[in-house]
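The file upload.txt contains compact mmCIF, C-alpha atoms and all ligand atoms:
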```txt
# COMPACT_ATOMS: atom_id res chain seq x y z
CA LEU A 1 126.72 76.38 110.71
CA HIS A 2 128.64 77.70 113.70
CA LEU A 3 131.35 80.27 112.93
CA ASP A 4 133.63 82.23 115.21
CA GLN A 5 133.61 85.47 113.21
CA HIS A 6 131.58 88.57 113.93
CA LEU A 7 128.39 88.58 111.84
CA ALA A 8 127.18 91.75 110.06
CA PRO A 9 125.69 92.57 106.64
CA GLY A 10 128.30 92.21 103.86
CA GLN A 11 130.85 90.65 106.20
CA PRO A 12 133.11 88.14 104.37
CA LEU A 13 133.33 84.86 106.26
CA PRO A 14 136.39 82.78 105.30
CA LEU A 15 135.84 79.07 105.90
CA THR A 16 138.19 76.58 107.51
CA ARG A 17 139.15 73.44 105.67
CA ASP A 18 136.67 71.34 107.68
CA GLN A 19 133.83 73.78 107.09
CA ALA A 20 134.60 73.88 103.36
CA HIS A 21 134.70 70.09 103.25
CA TYR A 22 131.32 69.91 104.96
CA LEU A 23 129.61 72.55 102.81
CA PHE A 24 131.11 71.74 99.42
CA GLY A 25 132.16 68.08 99.75
CA VAL A 26 129.34 66.70 101.92
CA MET A 27 126.44 69.09 101.33
CA ARG A 28 127.48 69.79 97.70
CA LEU A 29 126.68 73.48 97.90
CA ALA A 30 127.68 75.69 94.96
CA GLU A 31 128.24 79.44 94.65
CA GLY A 32 125.10 81.38 95.37
CA ALA A 33 123.76 78.75 97.82
CA ARG A 34 122.42 80.02 101.11
CA VAL A 35 123.50 78.87 104.54
CA LEU A 36 122.26 79.76 108.01
CA VAL A 37 125.13 80.70 110.30
CA PHE A 38 125.50 81.70 113.96
CA ASN A 39 128.35 82.47 116.34
CA GLY A 40 126.54 82.30 119.67
CA ARG A 41 126.56 86.12 120.08
CA ASP A 42 124.96 87.84 117.10
CA GLY A 43 121.91 85.66 116.42
CA GLU A 44 121.25 83.65 113.28
CA TRP A 45 122.20 85.04 109.86
CA LEU A 46 121.63 84.14 106.25
CA ALA A 47 124.91 83.86 104.37
CA GLU A 48 125.66 83.22 100.71
CA VAL A 49 128.39 81.05 99.27
CA THR A 50 130.67 83.48 97.42
CA GLY A 51 133.76 81.28 97.00
CA THR A 52 134.26 77.55 96.92
CA GLY A 53 137.38 75.44 97.14
CA LYS A 54 138.57 72.09 98.43
CA ARG A 55 140.65 73.63 101.19
CA GLY A 56 138.66 76.73 101.92
CA GLY A 57 136.12 79.09 100.53
CA GLU A 58 134.06 82.00 101.63
CA LEU A 59 130.56 82.94 102.64
CA THR A 60 129.26 86.47 102.68
CA CYS A 61 126.94 87.43 105.49
CA ARG A 62 123.65 88.90 104.24
CA GLU A 63 120.89 89.48 106.77
CA ARG A 64 119.89 88.49 110.24
CA THR A 65 117.10 85.92 110.41
CA ARG A 66 116.79 85.59 114.22
CA PRO A 67 118.14 87.48 117.21
CA VAL A 68 120.26 85.57 119.71
CA ARG A 69 118.07 83.77 122.22
CA MET A 70 119.81 83.63 125.55
CA PRO A 71 118.96 80.56 127.63
CA PRO A 72 117.72 81.04 131.21
CA ASP A 73 120.49 81.55 133.74
CA LEU A 74 120.98 77.88 134.53
CA TRP A 75 124.34 76.17 134.98
CA LEU A 76 125.04 72.47 135.08
CA VAL A 77 127.74 71.35 137.51
CA PHE A 78 128.56 67.66 137.19
CA ALA A 79 131.30 65.14 137.91
CA PRO A 80 132.48 63.71 134.58
CA ILE A 81 132.06 60.00 134.13
CA LYS A 82 133.05 57.76 131.22
CA LYS A 83 133.88 59.61 128.00
CA ALA A 84 130.77 58.68 126.02
CA ARG A 85 128.48 59.52 128.94
CA THR A 86 130.23 62.83 129.56
CA ASP A 87 129.78 63.68 125.86
CA PHE A 88 126.11 62.76 126.24
CA ILE A 89 125.70 65.06 129.25
CA VAL A 90 127.23 68.02 127.39
CA GLU A 91 125.08 67.38 124.33
CA LYS A 92 121.84 67.05 126.30
CA ALA A 93 122.63 70.00 128.56
CA THR A 94 123.08 72.16 125.46
CA GLU A 95 119.81 70.94 123.95
CA LEU A 96 118.02 71.49 127.26
CA GLY A 97 119.22 75.08 127.50
CA ALA A 98 122.02 75.11 130.07
CA ALA A 99 123.85 78.44 129.85
CA ARG A 100 127.16 77.15 131.25
CA ILE A 101 128.55 73.69 131.87
CA LEU A 102 131.06 73.12 134.69
CA PRO A 103 132.71 69.71 135.09
CA VAL A 104 133.98 69.21 138.64
CA GLN A 105 136.31 66.85 140.41
CA THR A 106 134.76 65.38 143.54
CA ASP A 107 136.00 62.93 146.16
CA PHE A 108 134.71 59.97 144.13
CA THR A 109 135.37 61.30 140.61
CA ASN A 110 137.77 59.15 138.60
CA ALA A 111 138.53 61.68 135.86
CA GLU A 112 141.85 63.48 136.40
CA ARG A 113 141.36 65.64 133.35
CA ILE A 114 138.92 66.15 130.53
CA ARG A 115 139.26 67.22 126.91
CA GLN A 116 137.63 70.60 127.36
CA ASP A 117 138.08 71.50 123.66
CA ARG A 118 136.33 68.29 122.58
CA LEU A 119 133.46 68.88 124.98
CA GLN A 120 133.14 72.47 123.75
CA ALA A 121 133.00 71.14 120.18
CA HIS A 122 130.18 68.80 121.26
CA ALA A 123 128.27 71.78 122.62
CA VAL A 124 128.72 73.58 119.28
CA GLU A 125 127.45 70.53 117.36
CA ALA A 126 124.47 70.15 119.68
CA ALA A 127 123.58 73.85 119.30
CA GLU A 128 123.84 73.53 115.50
CA GLN A 129 121.69 70.43 115.54
CA CYS A 130 118.90 71.86 117.67
CA GLY A 131 118.77 75.21 115.91
CA GLY A 132 120.06 77.13 118.91
CA THR A 133 121.67 80.52 118.51
CA TYR A 134 123.63 80.19 121.76
CA VAL A 135 126.46 77.84 122.69
CA PRO A 136 127.06 77.22 126.40
CA GLU A 137 130.62 77.60 127.58
CA VAL A 138 132.15 74.34 128.81
CA GLU A 139 134.65 75.05 131.56
CA ASP A 140 137.77 73.05 132.33
CA LEU A 141 137.71 70.52 135.16
CA GLN A 142 138.00 72.12 138.61
CA PRO A 143 137.65 70.82 142.16
CA LEU A 144 134.12 71.10 143.54
CA SER A 145 135.56 72.38 146.83
CA ARG A 146 137.23 75.32 145.06
CA LEU A 147 134.11 76.10 143.06
CA LEU A 148 132.00 76.15 146.25
CA ALA A 149 134.56 78.28 148.09
CA GLY A 150 134.18 81.07 145.53
CA TRP A 151 130.46 80.58 144.94
CA ASN A 152 128.22 83.62 144.69
CA PRO A 153 125.34 82.80 147.07
CA ALA A 154 122.88 84.66 144.82
CA ARG A 155 123.00 81.63 142.54
CA ARG A 156 121.15 78.79 144.19
CA ILE A 157 122.23 75.19 143.76
CA LEU A 158 119.78 72.41 143.07
CA TRP A 159 121.59 69.45 144.58
CA CYS A 160 120.35 66.20 143.09
CA ASP A 161 120.53 64.02 146.15
CA GLU A 162 119.56 60.37 145.78
CA SER A 163 119.51 59.94 149.56
CA ARG A 164 116.38 62.08 149.78
CA VAL A 165 114.28 59.23 148.43
CA GLY A 166 110.62 59.88 148.99
CA ALA A 167 111.00 63.65 149.25
CA PRO A 168 108.99 65.43 146.57
CA ALA A 169 110.84 67.31 143.88
CA ALA A 170 110.81 70.60 145.75
CA LEU A 171 110.93 72.88 142.75
CA HIS A 172 107.39 74.18 142.81
CA GLY A 173 107.46 77.42 144.72
CA ALA A 174 111.21 77.81 144.22
CA GLU A 175 112.10 81.29 143.11
CA PRO A 176 113.27 82.04 139.61
CA GLY A 177 116.70 83.58 139.20
CA PRO A 178 120.19 82.20 138.71
CA TRP A 179 120.46 78.50 139.49
CA ALA A 180 122.94 75.67 139.08
CA ILE A 181 122.09 71.98 138.98
CA LEU A 182 124.60 69.75 140.79
CA ILE A 183 124.99 66.08 139.83
CA GLY A 184 127.40 63.68 141.51
CA PRO A 185 129.60 60.94 140.04
CA GLU A 186 128.66 57.24 139.82
CA GLY A 187 129.73 56.75 143.43
CA GLY A 188 127.71 59.77 144.60
CA PHE A 189 129.04 62.50 146.91
CA SER A 190 131.27 61.55 149.85
CA PRO A 191 129.94 61.99 153.41
CA ALA A 192 132.20 65.06 153.80
CA GLU A 193 130.86 66.62 150.61
CA GLN A 194 127.30 65.87 151.65
CA ALA A 195 127.88 67.53 155.03
CA ARG A 196 129.33 70.60 153.33
CA LEU A 197 126.44 70.85 150.87
CA ARG A 198 123.92 70.46 153.69
CA ALA A 199 125.50 73.37 155.56
CA LEU A 200 125.31 75.82 152.65
CA PRO A 201 122.19 78.01 152.83
CA PHE A 202 121.89 78.45 149.07
CA VAL A 203 121.75 74.70 148.38
CA LEU A 204 118.36 73.07 147.83
CA PRO A 205 118.48 69.24 147.89
CA VAL A 206 116.04 67.56 145.58
CA SER A 207 114.96 64.00 144.85
CA LEU A 208 114.49 62.83 141.30
CA GLY A 209 112.38 59.89 142.41
CA PRO A 210 112.86 56.62 144.31
CA ARG A 211 115.23 54.99 141.80
CA ILE A 212 118.97 55.59 141.66
CA LEU A 213 119.57 57.15 138.26
CA ARG A 214 122.83 57.08 136.39
CA ALA A 215 124.52 60.45 136.46
CA ASP A 216 123.72 61.15 132.80
CA THR A 217 120.05 60.26 133.29
CA ALA A 218 119.95 62.39 136.43
CA ALA A 219 121.37 65.36 134.50
CA VAL A 220 118.69 65.11 131.81
CA ALA A 221 115.91 64.61 134.39
CA ALA A 222 117.05 67.57 136.51
CA LEU A 223 117.47 69.92 133.56
CA THR A 224 114.00 68.96 132.29
CA LEU A 225 112.47 69.39 135.74
CA TRP A 226 114.07 72.82 136.16
CA GLN A 227 113.09 73.99 132.66
CA ALA A 228 109.51 72.78 133.16
CA THR A 229 109.07 74.69 136.43
CA LEU A 230 111.45 77.66 136.31
CA GLY A 231 112.57 77.86 132.68
CA ASP A 232 111.09 79.87 129.83
N1 LIG B 301 125.77 57.07 145.44
C1 LIG B 301 124.90 56.32 144.65
C2 LIG B 301 125.14 54.86 144.90
O1 LIG B 301 126.22 54.35 144.55
O2 LIG B 301 124.21 54.25 145.41
C3 LIG B 301 124.81 56.56 143.16
C4 LIG B 301 125.00 57.95 142.62
S1 LIG B 301 124.11 58.27 141.14
C5 LIG B 301 124.59 56.95 140.12
C6 LIG B 301 124.92 59.65 140.45
C7 LIG B 301 124.31 60.99 140.75
O3 LIG B 301 123.05 61.12 140.11
C8 LIG B 301 124.05 61.28 142.20
O4 LIG B 301 125.18 61.78 142.87
C9 LIG B 301 122.93 62.31 142.14
O5 LIG B 301 123.45 63.62 141.97
C10 LIG B 301 122.17 61.89 140.92
N2 LIG B 301 120.99 61.04 141.21
C11 LIG B 301 120.79 59.76 140.84
N3 LIG B 301 119.59 59.32 141.22
C12 LIG B 301 118.98 60.34 141.86
C13 LIG B 301 117.72 60.51 142.48
N4 LIG B 301 116.82 59.54 142.54
N5 LIG B 301 117.43 61.73 143.02
C14 LIG B 301 118.32 62.73 142.99
N6 LIG B 301 119.54 62.63 142.42
C15 LIG B 301 119.88 61.47 141.86
```

As structure tokens, please, write out the structure in this file.
Amino acid sequence: LHLDQHLAPGQPLPLTRDQAHYLFGVMRLAEGARVLVFNGRDGEWLAEVTGTGKRGGELTCRERTRPVRMPPDLWLVFAPIKKARTDFIVEKATELGAARILPVQTDFTNAERIRQDRLQAHAVEAAEQCGGTYVPEVEDLQPLSRLLAGWNPARRILWCDESRVGAPAALHGAEPGPWAILIGPEGGFSPAEQARLRALPFVLPVSLGPRILRADTAAVAALTLWQATLGD
């Protein structure tokens, strides 16, 4: 269970209505039951149900079962597509160990805005589901041009570029360190964006194979490729 509170031995953990509904209504837990909790910062902890109620209740934090496991320093930058597919990207990026998720507006992106809070909640659910102790931060939508203008060149960008068909996935031999994967929208990047990306020295274009993948497939493929070669 993901909680926002600080976790420490003996710490009381009041539950929200939704959490109480889940634990006592759905999972049918009673006083004395044990629950694994995490907040993304303090690792995983064993907590005990010390108060139940329809609208609330309380856990008491007991002992730490696992330290927080930070993911490798990998960001996912992507142009949001249809709602369900954007949800999918956030869920899979969390499972595949992205440390930060940055939706961007590009020349061919349709989305004017996103529900950042909903996407963040998806990341929390995905982290809960896959037993992670870390939840990546999902940023609000921002223009790709602004993001690139303030980019720290120490973080390299793996640009998934479908026009490089035939080029090998150039990740072997790439140096470890901070990286970001960049995935375009359904219409791809505009010629102006492609020219800008080509001119940036910290951008490494990569092919994900000869087929044009949907953006959500490309995100999963690129995250897997990066984790397999540079991840832990
Ligand atoms: N511009 C393309 C078109 O309409 O022909 C389609 C773009 S594709 C659906 C969406 C994004 O997925 C691309 O911008 C790219 O980042 C990534 N992508 C898809 N297939 C890829 C491939 N074979 N290699 C590298 N990136 C790929």

*Do you know which residues are within 8 Å of ligand LIG 301 (chain B) using only C-alpha atoms and all ligand atoms? Can you write them as a list in words?*
Trp159, Cys160, Asp161, Glu162, Ser163, Arg164, Val165, Leu182, Ile183, Gly184, Pro185, Glu186, Gly187, Gly188, Phe189, Val206, Ser207, Leu208, Gly209, Pro210, Arg211, Ile212, Leu213, Arg214, Ala215, Asp216, Thr217, Ala218 and Ala219 of chain A

*Name the residues in contact with Asp140 of chain A at a cut-off of 12 Å, using only C-alpha atoms, excluding same-chain residues fewer than 2 positions from it; report them as number ranges by chain.*
A: 77-80, 100-105, 111-120, 137-138, 142-144, 147

*asked:* Residues near segment 92-95 of chain A, anyone? I mean within 9 Å using all atoms listed in the file, not counting same-chain ones fewer than 4 positions away, as a PyMOL selection string.
replied: chain A and resi 76+87-88+99-101+122-124+126-127+129-130+132+134-136+216+219-220+223

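Distance-wise, atom CA of Phe108 of chain A and atom CA of Leu171 of chain A end up 27.1 Å apart.
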
*For atom CA of Leu197 of chain A and atom CA of Asp232 of chain A, determine how far apart the two atoms are, in Å to one decimal place.*
27.6 Å

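Distances to Leu200 of chain A were evaluated for A:Tyr22, A:Phe38, A:Trp151, A:Trp226 using all atoms listed in the file, and the minimum falls at A:Trp151.
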
*Find the residues near segment 1-4 of chain A: any atom within 8 Å, counting all atoms listed in the file, skip ones fewer than 5 places away on the same chain, and give them as a list in words.*
Val35, Leu36, Val37, Phe38, Asn39, Gly40, Val124 and Glu128 of chain A

*In Å, rounded to a single decimal, give me how far atom CA of Gln227 of chain A is from atom CA of Arg64 of chain A.*
27.6 Å

*Anything within 10 Å of (130.1, 91.7, 107.3): list those residues as a PyMOL selection string, counting only C-alpha atoms and sticking to the file's coordinates.*
chain A and resi 5-13+47+59-63

Generate the output file for the selected residues, C-alpha atoms, as an mmCIF file, in the coordinates of the input.
```cif
data_model
loop_
_atom_site.group_PDB
_atom_site.id
_atom_site.type_symbol
_atom_site.label_atom_id
_atom_site.label_comp_id
_atom_site.auth_asym_id
_atom_site.auth_seq_id
_atom_site.Cartn_x
_atom_site.Cartn_y
_atom_site.Cartn_z
ATOM 1 C CA GLN A 5 133.610 85.470 113.210
ATOM 2 C CA HIS A 6 131.580 88.570 113.930
ATOM 3 C CA LEU A 7 128.390 88.580 111.840
ATOM 4 C CA ALA A 8 127.180 91.750 110.060
ATOM 5 C CA PRO A 9 125.690 92.570 106.640
ATOM 6 C CA GLY A 10 128.300 92.210 103.860
ATOM 7 C CA GLN A 11 130.850 90.650 106.200
ATOM 8 C CA PRO A 12 133.110 88.140 104.370
ATOM 9 C CA LEU A 13 133.330 84.860 106.260
ATOM 10 C CA ALA A 47 124.910 83.860 104.370
ATOM 11 C CA LEU A 59 130.560 82.940 102.640
ATOM 12 C CA THR A 60 129.260 86.470 102.680
ATOM 13 C CA CYS A 61 126.940 87.430 105.490
ATOM 14 C CA ARG A 62 123.650 88.900 104.240
ATOM 15 C CA GLU A 63 120.890 89.480 106.770
#
```

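Shortest separation to Ala221 of chain A among A:Thr65, A:Pro71, A:Ile89, A:Ile157 occurs at residue A:Ile89, atoms counted being only C-alpha atoms.
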
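Using only C-alpha atoms, every residue with an atom at most 12 Å from the point (135.3, 82.2, 99.8) is listed here: Gln11, Pro12, Leu13, Pro14, Leu15, Thr16, Arg17, Gln19, Ala20, Leu23, Phe24, Ala30, Glu31, Gly32, Ala47, Glu48, Val49, Thr50, Gly51, Thr52, Gly53, Lys54, Arg55, Gly56, Gly57, Glu58, Leu59, Thr60 and Cys61 of chain A.
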
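Of the listed residues (A:Met27, A:Leu74, A:Val68, A:Leu204), A:Leu74 comes nearest to Thr224 of chain A; the distances count all atoms listed in the file.
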
*asked:* Residues near Asp73 of chain A, anyone? I mean within 7 Å using all atoms listed in the file, not counting same-chain ones fewer than 3 positions away, as a list in words.
replied: Ala99, Gly177, Pro178 and Trp179 of chain A

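Among A:Thr106, A:Glu175, A:Arg28, A:Ala84, the residue with the shortest atom-to-atom distance to Pro191 of chain A, counting all atoms listed in the file, is A:Thr106.
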